[in-house]
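What's in run33.tsv: TSV, C-alpha atoms (C1' of nucleotides)
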```tsv
chain	number	residue	atom	x	y	z
M	241	MET	CA	-17.89	-79.16	-201.96
M	242	GLY	CA	-20.44	-76.62	-203.10
M	243	SER	CA	-21.50	-75.76	-199.61
M	244	ASN	CA	-24.83	-74.17	-199.08
M	245	LEU	CA	-23.34	-71.00	-197.71
M	246	PRO	CA	-25.50	-67.94	-197.28
M	247	ASP	CA	-25.98	-66.00	-200.48
M	248	THR	CA	-22.53	-65.81	-201.91
M	249	THR	CA	-23.18	-62.41	-203.38
M	250	TRP	CA	-23.85	-61.05	-199.95
M	251	VAL	CA	-20.76	-62.69	-198.55
M	252	ARG	CA	-18.66	-61.18	-201.29
M	253	PHE	CA	-20.17	-57.86	-200.50
M	254	LEU	CA	-19.19	-58.25	-196.88
M	255	ARG	CA	-15.68	-59.42	-197.64
M	256	ALA	CA	-15.07	-56.77	-200.23
M	257	HIS	CA	-16.14	-54.12	-197.80
M	258	ALA	CA	-13.92	-55.42	-195.06
M	259	ALA	CA	-10.87	-55.66	-197.27
M	260	LEU	CA	-11.35	-52.35	-199.02
M	261	THR	CA	-12.12	-50.27	-195.98
M	262	ARG	CA	-9.22	-51.82	-194.12
M	263	GLU	CA	-6.77	-50.86	-196.80
M	264	LEU	CA	-8.27	-47.50	-197.64
M	265	SER	CA	-8.52	-46.43	-194.05
M	266	ALA	CA	-4.96	-47.52	-193.35
M	267	ARG	CA	-3.72	-45.33	-196.17
M	268	LEU	CA	-5.90	-42.40	-195.26
M	269	GLU	CA	-4.79	-42.66	-191.67
M	270	ALA	CA	-1.13	-42.87	-192.58
M	271	LEU	CA	-1.12	-39.96	-195.00
M	272	HIS	CA	-3.64	-37.60	-193.50
M	273	GLU	CA	-4.55	-38.84	-190.06
M	274	LEU	CA	-8.17	-39.18	-191.04
M	275	THR	CA	-10.71	-41.93	-190.59
M	276	LEU	CA	-12.85	-42.97	-193.50
M	277	SER	CA	-15.74	-41.43	-191.62
M	278	ASP	CA	-13.79	-38.26	-190.97
M	279	PHE	CA	-13.15	-37.95	-194.65
M	280	ASP	CA	-16.72	-38.69	-195.42
M	281	VAL	CA	-17.99	-35.98	-193.13
M	282	LEU	CA	-15.45	-33.45	-194.34
M	283	VAL	CA	-16.50	-34.06	-197.92
M	284	GLN	CA	-20.14	-33.59	-197.05
M	285	LEU	CA	-19.30	-30.30	-195.42
M	286	TYR	CA	-17.08	-29.29	-198.29
M	287	TYR	CA	-19.94	-29.49	-200.74
M	288	ALA	CA	-22.62	-28.16	-198.41
M	289	GLU	CA	-23.95	-24.63	-198.75
M	290	GLY	CA	-21.69	-22.33	-196.81
M	291	GLN	CA	-19.67	-25.42	-195.98
M	292	ARG	CA	-21.85	-25.85	-192.94
M	293	MET	CA	-24.34	-28.46	-191.86
M	294	ARG	CA	-26.55	-29.33	-188.94
M	295	ARG	CA	-25.18	-32.29	-187.09
M	296	ILE	CA	-28.29	-34.29	-187.61
M	297	ASP	CA	-28.06	-33.84	-191.35
M	298	ILE	CA	-24.49	-35.02	-191.24
M	299	ALA	CA	-25.60	-38.06	-189.33
M	300	ARG	CA	-28.24	-38.88	-191.89
M	301	SER	CA	-26.02	-38.37	-194.88
M	302	VAL	CA	-23.12	-40.47	-193.68
M	303	LEU	CA	-25.26	-42.99	-191.83
M	304	LEU	CA	-23.92	-42.51	-188.36
M	305	THR	CA	-25.94	-42.02	-185.22
M	306	ALA	CA	-26.22	-38.59	-183.67
M	307	SER	CA	-23.84	-39.54	-180.92
M	308	GLY	CA	-21.35	-40.87	-183.39
M	309	VAL	CA	-21.39	-37.53	-185.15
M	310	THR	CA	-20.94	-35.63	-181.92
M	311	ARG	CA	-17.79	-37.51	-181.09
M	312	LEU	CA	-16.45	-37.50	-184.59
M	313	LEU	CA	-16.88	-33.74	-184.78
M	314	ASP	CA	-15.25	-33.38	-181.38
M	315	GLY	CA	-12.20	-34.91	-182.92
M	316	LEU	CA	-12.26	-32.76	-186.02
M	317	GLU	CA	-12.80	-29.72	-183.85
M	318	THR	CA	-9.80	-30.31	-181.64
M	319	GLY	CA	-7.91	-30.89	-184.85
M	320	GLY	CA	-9.03	-27.45	-185.95
M	321	LEU	CA	-10.78	-28.69	-189.07
M	322	VAL	CA	-14.29	-27.64	-188.13
M	323	THR	CA	-15.91	-25.28	-185.65
M	324	LYS	CA	-19.29	-25.11	-184.01
M	325	GLU	CA	-21.69	-22.33	-184.76
M	326	ARG	CA	-25.01	-21.60	-183.14
M	327	CYS	CA	-28.17	-21.36	-185.16
M	328	ASP	CA	-30.14	-18.14	-184.71
M	329	SER	CA	-33.52	-19.49	-185.61
M	330	ASP	CA	-33.29	-22.67	-183.56
M	331	ALA	CA	-31.27	-22.85	-180.39
M	332	ARG	CA	-31.24	-26.61	-180.41
M	333	VAL	CA	-29.08	-26.95	-183.45
M	334	THR	CA	-25.40	-26.24	-183.75
M	335	TYR	CA	-23.82	-26.13	-187.12
M	336	ALA	CA	-20.55	-27.71	-187.99
M	337	VAL	CA	-18.57	-25.39	-190.21
M	338	LEU	CA	-15.46	-26.19	-192.16
M	339	THR	CA	-12.48	-24.06	-191.21
M	340	ARG	CA	-9.79	-22.89	-193.57
M	341	ALA	CA	-7.61	-25.69	-192.29
M	342	GLY	CA	-10.46	-28.09	-192.87
M	343	VAL	CA	-10.78	-27.01	-196.48
M	344	LYS	CA	-7.08	-27.45	-196.97
M	345	LYS	CA	-7.15	-30.84	-195.32
M	346	ILE	CA	-9.96	-32.20	-197.41
M	347	GLU	CA	-8.48	-30.88	-200.62
M	348	ASP	CA	-5.20	-32.56	-199.79
M	349	ALA	CA	-6.76	-35.78	-198.67
M	350	ARG	CA	-9.06	-35.96	-201.66
M	351	GLU	CA	-6.12	-36.15	-203.94
M	352	THR	CA	-4.68	-39.35	-202.59
M	353	HIS	CA	-7.88	-40.88	-201.35
M	354	LEU	CA	-9.69	-40.66	-204.65
M	355	ALA	CA	-6.67	-42.19	-206.31
M	356	ASP	CA	-6.71	-45.00	-203.78
M	357	ILE	CA	-10.40	-45.61	-204.36
M	358	GLU	CA	-9.80	-45.67	-208.06
M	359	GLU	CA	-6.93	-48.09	-207.69
M	360	LEU	CA	-8.64	-50.52	-205.37
M	361	PHE	CA	-12.20	-50.15	-206.52
M	362	GLY	CA	-12.98	-48.17	-209.64
M	363	SER	CA	-10.25	-49.53	-211.84
M	364	ARG	CA	-11.69	-53.00	-211.49
M	365	PHE	CA	-14.59	-52.06	-213.70
M	366	SER	CA	-15.32	-50.62	-217.07
M	367	ARG	CA	-17.36	-47.49	-217.33
M	368	GLU	CA	-20.60	-49.36	-217.92
M	369	GLU	CA	-19.90	-51.89	-215.26
M	370	ARG	CA	-19.31	-49.17	-212.76
M	371	GLU	CA	-22.57	-47.54	-213.68
M	372	GLN	CA	-24.41	-50.79	-213.43
M	373	LEU	CA	-22.83	-51.55	-210.11
M	374	GLY	CA	-23.87	-48.13	-208.88
M	375	GLU	CA	-27.38	-48.70	-210.08
M	376	LEU	CA	-27.63	-52.08	-208.39
M	377	LEU	CA	-26.24	-50.78	-205.13
M	378	GLY	CA	-28.59	-47.83	-205.32
M	379	ARG	CA	-31.53	-50.17	-204.99
M	380	LEU	CA	-30.56	-51.25	-201.54
M	381	PRO	CA	-32.41	-49.83	-198.57
M	382	LEU	CA	-30.53	-46.98	-197.00
M	383	ALA	CA	-32.44	-46.21	-193.85
M	384	GLN	CA	-35.76	-46.80	-192.21
M	385	THR	CA	-35.89	-43.06	-191.51
M	386	SER	CA	-37.96	-42.48	-194.62
M	387	GLU	CA	-36.77	-38.99	-195.50
M	388	VAL	CA	-33.32	-38.88	-197.02
M	389	CYS	CA	-30.94	-36.85	-199.10
M	390	SER	CA	-30.49	-33.18	-199.75
M	391	ALA	CA	-29.16	-32.23	-203.18
O	58	MET	CA	-25.77	-29.21	-208.06
O	59	GLY	CA	-23.89	-32.15	-209.50
O	60	SER	CA	-21.19	-31.99	-206.89
O	61	ASN	CA	-17.90	-33.62	-207.60
O	62	LEU	CA	-18.27	-36.09	-204.80
O	63	PRO	CA	-15.91	-39.03	-204.63
O	64	ASP	CA	-16.93	-41.87	-206.88
O	65	THR	CA	-20.61	-42.22	-206.28
O	66	THR	CA	-20.50	-45.93	-206.79
O	67	TRP	CA	-18.07	-46.26	-203.94
O	68	VAL	CA	-20.16	-44.05	-201.72
O	69	ARG	CA	-23.22	-46.12	-202.45
O	70	PHE	CA	-21.24	-49.16	-201.59
O	71	LEU	CA	-20.31	-47.68	-198.24
O	72	ARG	CA	-23.79	-46.48	-197.45
O	73	ALA	CA	-25.40	-49.71	-198.48
O	74	HIS	CA	-23.03	-51.62	-196.27
O	75	ALA	CA	-23.67	-49.38	-193.30
O	76	ALA	CA	-27.42	-49.56	-193.62
O	77	LEU	CA	-27.62	-53.27	-194.31
O	78	THR	CA	-25.26	-54.41	-191.63
O	79	ARG	CA	-26.94	-52.15	-189.12
O	80	GLU	CA	-30.32	-53.66	-189.78
O	81	LEU	CA	-29.17	-57.22	-190.22
O	82	SER	CA	-27.06	-57.20	-187.13
O	83	ALA	CA	-29.84	-55.65	-185.08
O	84	ARG	CA	-32.16	-58.47	-186.09
O	85	LEU	CA	-29.56	-61.16	-185.59
O	86	GLU	CA	-28.71	-59.75	-182.21
O	87	ALA	CA	-32.34	-59.50	-181.14
O	88	LEU	CA	-33.33	-62.98	-182.22
O	89	HIS	CA	-30.21	-64.99	-181.58
O	90	GLU	CA	-27.77	-62.87	-179.64
O	91	LEU	CA	-25.21	-63.16	-182.37
O	92	THR	CA	-23.02	-60.63	-184.12
O	93	LEU	CA	-22.76	-60.70	-187.87
O	94	SER	CA	-19.19	-61.85	-187.38
O	95	ASP	CA	-20.28	-64.51	-184.92
O	96	PHE	CA	-22.68	-65.83	-187.46
O	97	ASP	CA	-20.08	-65.66	-190.14
O	98	VAL	CA	-17.61	-67.67	-188.12
O	99	LEU	CA	-20.18	-70.22	-187.05
O	100	VAL	CA	-21.18	-70.78	-190.65
O	101	GLN	CA	-17.59	-71.29	-191.68
O	102	LEU	CA	-17.20	-73.85	-188.95
O	103	TYR	CA	-20.48	-75.48	-189.84
O	104	TYR	CA	-19.31	-76.26	-193.32
O	105	ALA	CA	-15.73	-77.06	-192.41
O	106	GLU	CA	-14.45	-80.63	-192.31
O	107	GLY	CA	-15.22	-82.05	-188.90
O	108	GLN	CA	-16.78	-78.70	-188.13
O	109	ARG	CA	-13.39	-77.57	-186.94
O	110	MET	CA	-10.91	-74.99	-188.11
O	111	ARG	CA	-7.60	-73.49	-187.14
O	112	ARG	CA	-8.05	-70.00	-185.83
O	113	ILE	CA	-5.83	-68.52	-188.45
O	114	ASP	CA	-7.92	-70.02	-191.20
O	115	ILE	CA	-11.01	-68.59	-189.64
O	116	ALA	CA	-9.35	-65.22	-189.58
O	117	ARG	CA	-8.46	-65.43	-193.23
O	118	SER	CA	-11.84	-66.61	-194.35
O	119	VAL	CA	-13.88	-64.01	-192.53
O	120	LEU	CA	-11.30	-61.24	-192.88
O	121	LEU	CA	-10.66	-60.57	-189.24
O	122	THR	CA	-7.28	-60.27	-187.60
O	123	ALA	CA	-5.97	-63.08	-185.47
O	124	SER	CA	-6.69	-61.13	-182.33
O	125	GLY	CA	-10.19	-60.41	-183.45
O	126	VAL	CA	-10.76	-64.11	-183.89
O	127	THR	CA	-9.33	-64.91	-180.50
O	128	ARG	CA	-11.76	-62.63	-178.76
O	129	LEU	CA	-14.69	-63.55	-180.90
O	130	LEU	CA	-14.11	-67.22	-180.15
O	131	ASP	CA	-13.72	-66.41	-176.47
O	132	GLY	CA	-17.26	-65.15	-176.63
O	133	LEU	CA	-18.61	-68.12	-178.51
O	134	GLU	CA	-16.79	-70.41	-176.13
O	135	THR	CA	-18.28	-68.92	-172.99
O	136	GLY	CA	-21.58	-69.17	-174.78
O	137	GLY	CA	-20.91	-72.87	-175.21
O	138	LEU	CA	-21.11	-72.76	-178.99
O	139	VAL	CA	-17.54	-73.78	-179.73
O	140	THR	CA	-14.69	-75.43	-177.86
O	141	LYS	CA	-10.96	-75.38	-178.20
O	142	GLU	CA	-9.06	-78.46	-179.20
O	143	ARG	CA	-5.32	-78.98	-179.37
O	144	CYS	CA	-3.64	-80.09	-182.54
O	145	ASP	CA	-1.47	-83.18	-182.19
O	146	SER	CA	0.85	-82.47	-185.05
O	147	ASP	CA	1.43	-78.81	-184.27
O	148	ALA	CA	1.31	-77.50	-180.74
O	149	ARG	CA	0.98	-73.93	-181.91
O	150	VAL	CA	-2.45	-74.31	-183.33
O	151	THR	CA	-5.67	-74.77	-181.45
O	152	TYR	CA	-8.76	-75.73	-183.33
O	153	ALA	CA	-12.14	-74.22	-182.83
O	154	VAL	CA	-14.78	-76.91	-182.91
O	155	LEU	CA	-18.48	-76.45	-183.11
O	156	THR	CA	-20.37	-77.95	-180.19
O	157	ARG	CA	-23.77	-79.52	-180.37
O	158	ALA	CA	-25.22	-76.30	-179.07
O	159	GLY	CA	-23.28	-74.43	-181.72
O	160	VAL	CA	-24.75	-76.56	-184.48
O	161	LYS	CA	-28.20	-75.98	-183.10
O	162	LYS	CA	-27.58	-72.28	-182.81
O	163	ILE	CA	-26.35	-71.85	-186.34
O	164	GLU	CA	-29.14	-73.92	-187.77
O	165	ASP	CA	-31.66	-71.80	-185.95
O	166	ALA	CA	-30.03	-68.54	-186.81
O	167	ARG	CA	-29.59	-69.44	-190.45
O	168	GLU	CA	-33.29	-69.69	-190.85
O	169	THR	CA	-34.09	-66.13	-189.99
O	170	HIS	CA	-30.85	-64.58	-191.06
O	171	LEU	CA	-30.95	-65.93	-194.58
O	172	ALA	CA	-34.49	-64.71	-194.85
O	173	ASP	CA	-33.40	-61.28	-193.67
O	174	ILE	CA	-30.58	-61.19	-196.19
O	175	GLU	CA	-32.99	-62.18	-198.89
O	176	GLU	CA	-35.45	-59.52	-197.85
O	177	LEU	CA	-33.02	-56.65	-197.55
O	178	PHE	CA	-30.52	-57.64	-200.18
O	179	GLY	CA	-31.26	-60.50	-202.52
O	180	SER	CA	-34.83	-59.63	-203.32
O	181	ARG	CA	-33.69	-56.33	-204.78
O	182	PHE	CA	-32.25	-58.12	-207.78
O	183	SER	CA	-33.21	-60.53	-210.46
O	184	ARG	CA	-31.34	-63.76	-210.79
O	185	GLU	CA	-29.00	-62.44	-213.46
O	186	GLU	CA	-28.48	-59.18	-211.67
O	187	ARG	CA	-27.51	-61.00	-208.57
O	188	GLU	CA	-25.02	-63.07	-210.48
O	189	GLN	CA	-23.58	-60.08	-212.16
O	190	LEU	CA	-23.32	-58.24	-208.90
O	191	GLY	CA	-21.52	-61.21	-207.42
O	192	GLU	CA	-19.17	-61.31	-210.36
O	193	LEU	CA	-18.37	-57.62	-210.09
O	194	LEU	CA	-17.81	-57.79	-206.35
O	195	GLY	CA	-15.65	-60.84	-206.85
O	196	ARG	CA	-13.14	-58.76	-208.75
O	197	LEU	CA	-12.32	-56.63	-205.78
O	198	PRO	CA	-9.10	-57.28	-203.89
O	199	LEU	CA	-9.71	-59.39	-200.86
O	200	ALA	CA	-6.43	-59.38	-199.03
O	201	GLN	CA	-2.80	-58.63	-199.55
O	202	THR	CA	-2.05	-62.01	-198.02
O	203	SER	CA	-1.90	-63.63	-201.44
O	204	GLU	CA	-3.03	-67.13	-200.49
O	205	VAL	CA	-6.74	-67.46	-199.94
O	206	CYS	CA	-9.59	-69.90	-199.81
O	207	SER	CA	-9.94	-73.52	-198.92
O	208	ALA	CA	-12.58	-75.49	-200.81
J	43	DG	C1'	-49.39	-19.42	-171.32
J	44	DA	C1'	-49.27	-24.39	-169.27
J	45	DG	C1'	-48.51	-28.76	-170.62
J	46	DC	C1'	-47.13	-32.33	-174.38
J	47	DT	C1'	-44.69	-34.27	-177.59
J	48	DA	C1'	-41.06	-34.04	-180.99
J	49	DT	C1'	-36.50	-32.67	-182.23
J	50	DA	C1'	-31.30	-31.61	-181.63
J	51	DC	C1'	-27.68	-32.68	-179.23
J	52	DT	C1'	-24.61	-34.68	-175.42
J	53	DT	C1'	-23.00	-38.06	-172.16
J	54	DG	C1'	-22.15	-42.63	-169.82
J	55	DA	C1'	-21.43	-47.26	-170.48
J	56	DG	C1'	-20.43	-50.97	-173.28
J	57	DT	C1'	-18.48	-53.42	-177.46
J	58	DA	C1'	-16.13	-55.04	-181.51
J	59	DC	C1'	-12.76	-54.48	-183.48
J	60	DG	C1'	-7.42	-53.12	-184.94
J	61	DC	C1'	-2.38	-52.78	-184.15
J	62	DA	C1'	1.79	-53.84	-181.87
J	63	DA	C1'	4.26	-56.61	-178.84
J	64	DG	C1'	5.04	-60.93	-176.55
J	65	DG	C1'	5.28	-66.11	-175.86
J	66	DA	C1'	5.33	-70.63	-177.75
J	67	DT	C1'	6.34	-73.78	-181.10
J	68	DC	C1'	7.87	-75.29	-185.63
J	69	DA	C1'	11.24	-75.72	-189.48
J	70	DT	C1'	15.67	-74.99	-191.36
J	71	DA	C1'	20.55	-74.31	-191.76
J	72	DG	C1'	24.86	-74.66	-189.91
L	84	DC	C1'	22.24	-79.59	-181.28
L	85	DT	C1'	21.93	-74.78	-181.43
L	86	DA	C1'	20.70	-70.52	-183.53
L	87	DT	C1'	17.44	-68.03	-186.76
L	88	DG	C1'	13.45	-67.05	-188.58
L	89	DA	C1'	8.66	-67.94	-189.53
L	90	DT	C1'	4.09	-69.13	-187.81
L	91	DC	C1'	0.11	-69.41	-184.46
L	92	DC	C1'	-1.95	-67.45	-180.90
L	93	DT	C1'	-2.86	-64.15	-176.97
L	94	DT	C1'	-2.72	-59.75	-174.44
L	95	DG	C1'	-2.54	-54.64	-173.59
L	96	DC	C1'	-4.00	-50.66	-175.26
L	97	DG	C1'	-6.42	-47.58	-178.09
L	98	DT	C1'	-10.49	-46.26	-180.93
L	99	DA	C1'	-14.79	-45.79	-183.46
L	100	DC	C1'	-18.59	-46.68	-183.03
L	101	DT	C1'	-23.70	-48.01	-180.70
L	102	DC	C1'	-27.63	-47.67	-177.53
L	103	DA	C1'	-30.03	-45.65	-173.75
L	104	DA	C1'	-30.79	-41.91	-170.99
L	105	DG	C1'	-30.58	-37.05	-170.06
L	106	DT	C1'	-30.90	-31.83	-171.21
L	107	DA	C1'	-32.52	-28.17	-173.74
L	108	DT	C1'	-35.32	-26.01	-177.01
L	109	DA	C1'	-39.33	-25.79	-180.33
L	110	DG	C1'	-43.95	-25.93	-181.46
L	111	DC	C1'	-48.58	-27.39	-180.89
L	112	DT	C1'	-53.10	-27.61	-178.41
L	113	DC	C1'	-56.20	-26.21	-175.16
```

Go ahead and express the file in the form of structure tokens.
Amino acid sequence: MGSNLPDTTWVRFLRAHAALTRELSARLEALHELTLSDFDVLVQLYYAEGQRMRRIDIARSVLLTASGVTRLLDGLETGGLVTKERCDSDARVTYAVLTRAGVKKIEDARETHLADIEELFGSRFSREEREQLGELLGRLPLAQTSEVCSA
Amino acid sequence: MGSNLPDTTWVRFLRAHAALTRELSARLEALHELTLSDFDVLVQLYYAEGQRMRRIDIARSVLLTASGVTRLLDGLETGGLVTKERCDSDARVTYAVLTRAGVKKIEDARETHLADIEELFGSRFSREEREQLGELLGRLPLAQTSEVCSA
DNA sequence: GAGCTATACTTGAGTACGCAAGGATCATAG
DNA sequence: CTATGATCCTTGCGTACTCAAGTATAGCTC
């Protein structure tokens, strides 16, 4: 019954994402009380200069909307993992800065989360396959907002 | 600044998914008032025997939870695209059956949605690349619920 | 410097889920 | 036939978003 389903590759992509994020986020939640997005944002901050970023840059790098970032950071802030900081040169922007607790949290969470990613995702592929997969995925459109990336 | 970010391939996977589903679902919503999941379910039904499925099988095939399916079908039902139907041999199960309007809807939506998928996803790859991508994605774990698939 | 538009962020309202718990119904074992 | 456990489905509740609208600031043009 080779049904004429929509591009099977795309469907696999969708299914794989659903299954992987479900499992990964369950584990991350259980062990560290973090969402996948929380983790994502914390990592961005961790590697940012001065471990601080403008909210809008966070939004662009993790592909959330501005409002999504506001609420996500609200959560991290009440959890004591980040703090706000005003910007001297532009009163519109407020930085999100990683706190000491935030650094600790991300370093802890990294440990298990990277292992989980490796187990459920990375280990399925050889080195070359992984690179090729990365290359293929890298061709996909990321945003209509033209400008992207930092370092 | 080659930062030691979590497996870049995985991150690309996440970003690509976020960007693609955002755009695809915006278009699908605008043109047909359907969610990606709605579409997904309708397609499954479309190709199912008698265009009918048990809810639990829908859940498994599109990777939603049972409750997610219940509510999604509630929506499709009030939209007149599917109807419930009791199962004679097992009073626990209720089938979801595609209505005439549902068939029409999915046939309409397919047209544009498949084109959108092709534009944003498929066209990025050559034939072989697409196959390879599909193969690689197919290796990823789909569910812990062992049993999968139908035809 | 008055007025415009663009940018950064927040807030209100709505939604698409998930999880956990509950209600039927089935299947089996005594 | 009754008790036990599994399966199918729904419901209550919580949450992570989104979009649209609003506020504040920045910077440009005249």

| region 373-376 of chain M surroundings by all atoms listed in the file, 8 Å radius, close-in-sequence under 6 positions cut, as a ChimeraX atom specification | /O:65-67,69-70,182,186,190,193

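With CA of Val281 (chain M) on one side and CA of Leu338 (chain M) on the other, the separation reads 10.2 Å.
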
Neighbours of point (-22.9, -41.0, -173.3) within 9 Å, using only C-alpha atoms (C1' of nucleotides), written as a PyMOL selection string: (chain M and resi 307) or (chain J and resi 52-55) or (chain L and resi 103-104)

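Proximity of O:Lys162, O:Arg167, O:Arg128, O:Arg143 to chain M, computed with only C-alpha atoms, is greatest for O:Arg167.
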
| request: Please report as a ChimeraX atom specification which residues of chain M come no farther than 9 Å from chain O, using all atoms listed in the file. | output: /M:241-261,263,280,283-284,287,301-304,350,353-354,357-358,360-362,364-365,369-384,391

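Closest approach to chain O among L:DC91, L:DC113, L:DA86, L:DC102: L:DC91, based on only C-alpha atoms (C1' of nucleotides).
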
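Using all atoms listed in the file, the part of chain L that sits within 10 Å of chain O is made up of L:DT90, L:DC91, L:DC92, L:DT93, L:DT94, L:DT101.
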
Here CA of Asp348 (chain M) and C1' of DA62 (chain J) stand apart by 28.7 Å

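Going from CA of Ala341 (chain M) over to CA of Leu271 (chain M), you cover 15.9 Å.
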
- request: Write out as number ranges by chain which residues come within 12 Å of DT70 (chain J) when counting all atoms listed in the file, dropping same-chain ones fewer than 4 positions away.
  value: L: 85-89

- Task: Using only C-alpha atoms (C1' of nucleotides), select each residue of chain J with any atom at most 10 Å away from an atom of chain O, and give the selection as a ChimeraX atom specification.
- Result: /J:58-61,66-68

Selection from above, C-alpha atoms (C1' of nucleotides), as a PDB file, in the frame of the given file, can you write it?
```pdb
ATOM      1  C1'  DA J  58     -16.130 -55.040-181.510  1.00  0.00           C
ATOM      2  C1'  DC J  59     -12.760 -54.480-183.480  1.00  0.00           C
ATOM      3  C1'  DG J  60      -7.420 -53.120-184.940  1.00  0.00           C
ATOM      4  C1'  DC J  61      -2.380 -52.780-184.150  1.00  0.00           C
ATOM      5  C1'  DA J  66       5.330 -70.630-177.750  1.00  0.00           C
ATOM      6  C1'  DT J  67       6.340 -73.780-181.100  1.00  0.00           C
ATOM      7  C1'  DC J  68       7.870 -75.290-185.630  1.00  0.00           C
TER       8       DC J  68
END
```

Please provide the set of residues having any atom within 12 Å of DC111 (chain L), restricted to only C-alpha atoms (C1' of nucleotides), with same-chain residues fewer than 6 positions apart removed, written as a ChimeraX atom specification. /J:45-48

Kindly output region 168-187 of chain O as a PDB file, in the frame of the given file, after building N, CA and C atoms.
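Written output follows (result14.pdb):
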```pdb
ATOM      1  N   GLU O 168     -31.909 -69.801-190.383  1.00  0.00           N
ATOM      2  CA  GLU O 168     -33.290 -69.690-190.850  1.00  0.00           C
ATOM      3  C   GLU O 168     -33.717 -68.230-191.003  1.00  0.00           C
ATOM      4  N   THR O 169     -33.613 -67.519-189.930  1.00  0.00           N
ATOM      5  CA  THR O 169     -34.090 -66.130-189.990  1.00  0.00           C
ATOM      6  C   THR O 169     -33.094 -65.229-190.709  1.00  0.00           C
ATOM      7  N   HIS O 170     -31.833 -65.502-190.503  1.00  0.00           N
ATOM      8  CA  HIS O 170     -30.850 -64.580-191.060  1.00  0.00           C
ATOM      9  C   HIS O 170     -30.840 -64.644-192.586  1.00  0.00           C
ATOM     10  N   LEU O 171     -30.917 -65.831-193.123  1.00  0.00           N
ATOM     11  CA  LEU O 171     -30.950 -65.930-194.580  1.00  0.00           C
ATOM     12  C   LEU O 171     -32.184 -65.247-195.138  1.00  0.00           C
ATOM     13  N   ALA O 172     -33.274 -65.372-194.397  1.00  0.00           N
ATOM     14  CA  ALA O 172     -34.490 -64.710-194.850  1.00  0.00           C
ATOM     15  C   ALA O 172     -34.315 -63.197-194.813  1.00  0.00           C
ATOM     16  N   ASP O 173     -33.646 -62.721-193.772  1.00  0.00           N
ATOM     17  CA  ASP O 173     -33.400 -61.280-193.670  1.00  0.00           C
ATOM     18  C   ASP O 173     -32.513 -60.795-194.804  1.00  0.00           C
ATOM     19  N   ILE O 174     -31.471 -61.560-195.091  1.00  0.00           N
ATOM     20  CA  ILE O 174     -30.580 -61.190-196.190  1.00  0.00           C
ATOM     21  C   ILE O 174     -31.355 -61.140-197.488  1.00  0.00           C
ATOM     22  N   GLU O 175     -32.187 -62.149-197.669  1.00  0.00           N
ATOM     23  CA  GLU O 175     -32.990 -62.180-198.890  1.00  0.00           C
ATOM     24  C   GLU O 175     -33.895 -60.951-198.963  1.00  0.00           C
ATOM     25  N   GLU O 176     -34.519 -60.640-197.852  1.00  0.00           N
ATOM     26  CA  GLU O 176     -35.450 -59.520-197.850  1.00  0.00           C
ATOM     27  C   GLU O 176     -34.766 -58.195-198.153  1.00  0.00           C
ATOM     28  N   LEU O 177     -33.655 -57.963-197.465  1.00  0.00           N
ATOM     29  CA  LEU O 177     -33.020 -56.650-197.550  1.00  0.00           C
ATOM     30  C   LEU O 177     -32.038 -56.537-198.706  1.00  0.00           C
ATOM     31  N   PHE O 178     -31.576 -57.670-199.171  1.00  0.00           N
ATOM     32  CA  PHE O 178     -30.520 -57.640-200.180  1.00  0.00           C
ATOM     33  C   PHE O 178     -30.928 -58.384-201.450  1.00  0.00           C
ATOM     34  N   GLY O 179     -31.051 -59.670-201.335  1.00  0.00           N
ATOM     35  CA  GLY O 179     -31.260 -60.500-202.520  1.00  0.00           C
ATOM     36  C   GLY O 179     -32.494 -60.137-203.321  1.00  0.00           C
ATOM     37  N   SER O 180     -33.563 -59.847-202.620  1.00  0.00           N
ATOM     38  CA  SER O 180     -34.830 -59.630-203.320  1.00  0.00           C
ATOM     39  C   SER O 180     -34.815 -58.364-204.171  1.00  0.00           C
ATOM     40  N   ARG O 181     -33.797 -57.559-203.985  1.00  0.00           N
ATOM     41  CA  ARG O 181     -33.690 -56.330-204.780  1.00  0.00           C
ATOM     42  C   ARG O 181     -33.276 -56.605-206.216  1.00  0.00           C
ATOM     43  N   PHE O 182     -32.836 -57.834-206.476  1.00  0.00           N
ATOM     44  CA  PHE O 182     -32.250 -58.120-207.780  1.00  0.00           C
ATOM     45  C   PHE O 182     -32.876 -59.332-208.430  1.00  0.00           C
ATOM     46  N   SER O 183     -32.832 -59.337-209.721  1.00  0.00           N
ATOM     47  CA  SER O 183     -33.210 -60.530-210.460  1.00  0.00           C
ATOM     48  C   SER O 183     -32.059 -61.533-210.367  1.00  0.00           C
ATOM     49  N   ARG O 184     -32.351 -62.716-210.824  1.00  0.00           N
ATOM     50  CA  ARG O 184     -31.340 -63.760-210.790  1.00  0.00           C
ATOM     51  C   ARG O 184     -30.050 -63.340-211.505  1.00  0.00           C
ATOM     52  N   GLU O 185     -30.200 -62.817-212.697  1.00  0.00           N
ATOM     53  CA  GLU O 185     -29.000 -62.440-213.460  1.00  0.00           C
ATOM     54  C   GLU O 185     -28.292 -61.263-212.801  1.00  0.00           C
ATOM     55  N   GLU O 186     -29.084 -60.335-212.322  1.00  0.00           N
ATOM     56  CA  GLU O 186     -28.480 -59.180-211.670  1.00  0.00           C
ATOM     57  C   GLU O 186     -27.658 -59.608-210.476  1.00  0.00           C
ATOM     58  N   ARG O 187     -28.209 -60.529-209.739  1.00  0.00           N
ATOM     59  CA  ARG O 187     -27.510 -61.000-208.570  1.00  0.00           C
ATOM     60  C   ARG O 187     -26.184 -61.656-208.963  1.00  0.00           C
TER      61      ARG O 187
END
```
